[in-house]
Amino acid sequence: MWCVKLSDSQRDALRALVVDEEERGPALAAALEALELARWDDLPEATLPWERVAELAETQGIGEADVVWDLTGRALAEPARKRVVRKAPRAKRARPKAA
């Protein structure tokens, strides 16, 4: 996989090249779709509430990276839950035989 950052004019030129291809297979069709979606200036800057992340990490006794990982799966307003380690159930003991 390739990742490049293009200016608007570069993106438009590359898109024109792909559109001009007579036979477009699945790879070129996917590339054209990616070029249509690639608008770097339309994306907002990503921000995280680092004070909240640090607070959650300290409260849960885990690293900030783990908190960020947890937060990516749900809304930021919902606090990350502490992981619970469950022990395996005990093996049942045989009852003594009645004599």
# chains A, B, ... in the order shown; residues from 1 in each chain; ligands from 1

call {"tool": "residues_around", "arguments": {"residues": "A:Leu28", "least_positions_apart": "4", "cutoff": "7 Å", "atoms": "only C-alpha atoms", "output": "list in words"}}
result
Val18, Arg24 and Leu32 of chain A

call {"tool": "closest_residue", "arguments": {"among": "A:Leu6, A:Ala54, A:Leu48, A:Ile62", "to": "A:Leu35", "atoms": "only C-alpha atoms"}}
result
A:Leu6

call {"tool": "atom_distance", "arguments": {"atom1": "atom CA of A:Asp8", "atom2": "atom CA of A:Asp20"}}
result
18.3 Å

call {"tool": "atom_distance", "arguments": {"atom1": "atom CA of A:Gly61", "atom2": "atom CA of A:Arg90"}}
result
27.9 Å

call {"tool": "atom_distance", "arguments": {"atom1": "atom CA of A:Thr72", "atom2": "atom CA of A:Lys87"}}
result
27.5 Å

call {"tool": "closest_residue", "arguments": {"among": "A:Glu23, A:Glu64, A:Asp12, A:Asp70", "to": "A:Leu37", "atoms": "only C-alpha atoms"}}
result
A:Asp12

call {"tool": "closest_residue", "arguments": {"among": "A:Ala38, A:Thr59, A:Arg52, A:Ala88", "to": "A:Ser7", "atoms": "only C-alpha atoms"}}
result
A:Ala38

call {"tool": "closest_residue", "arguments": {"among": "A:Ala34, A:Ala91, A:Ala65, A:Leu56", "to": "A:Val4", "atoms": "only C-alpha atoms"}}
result
A:Ala34
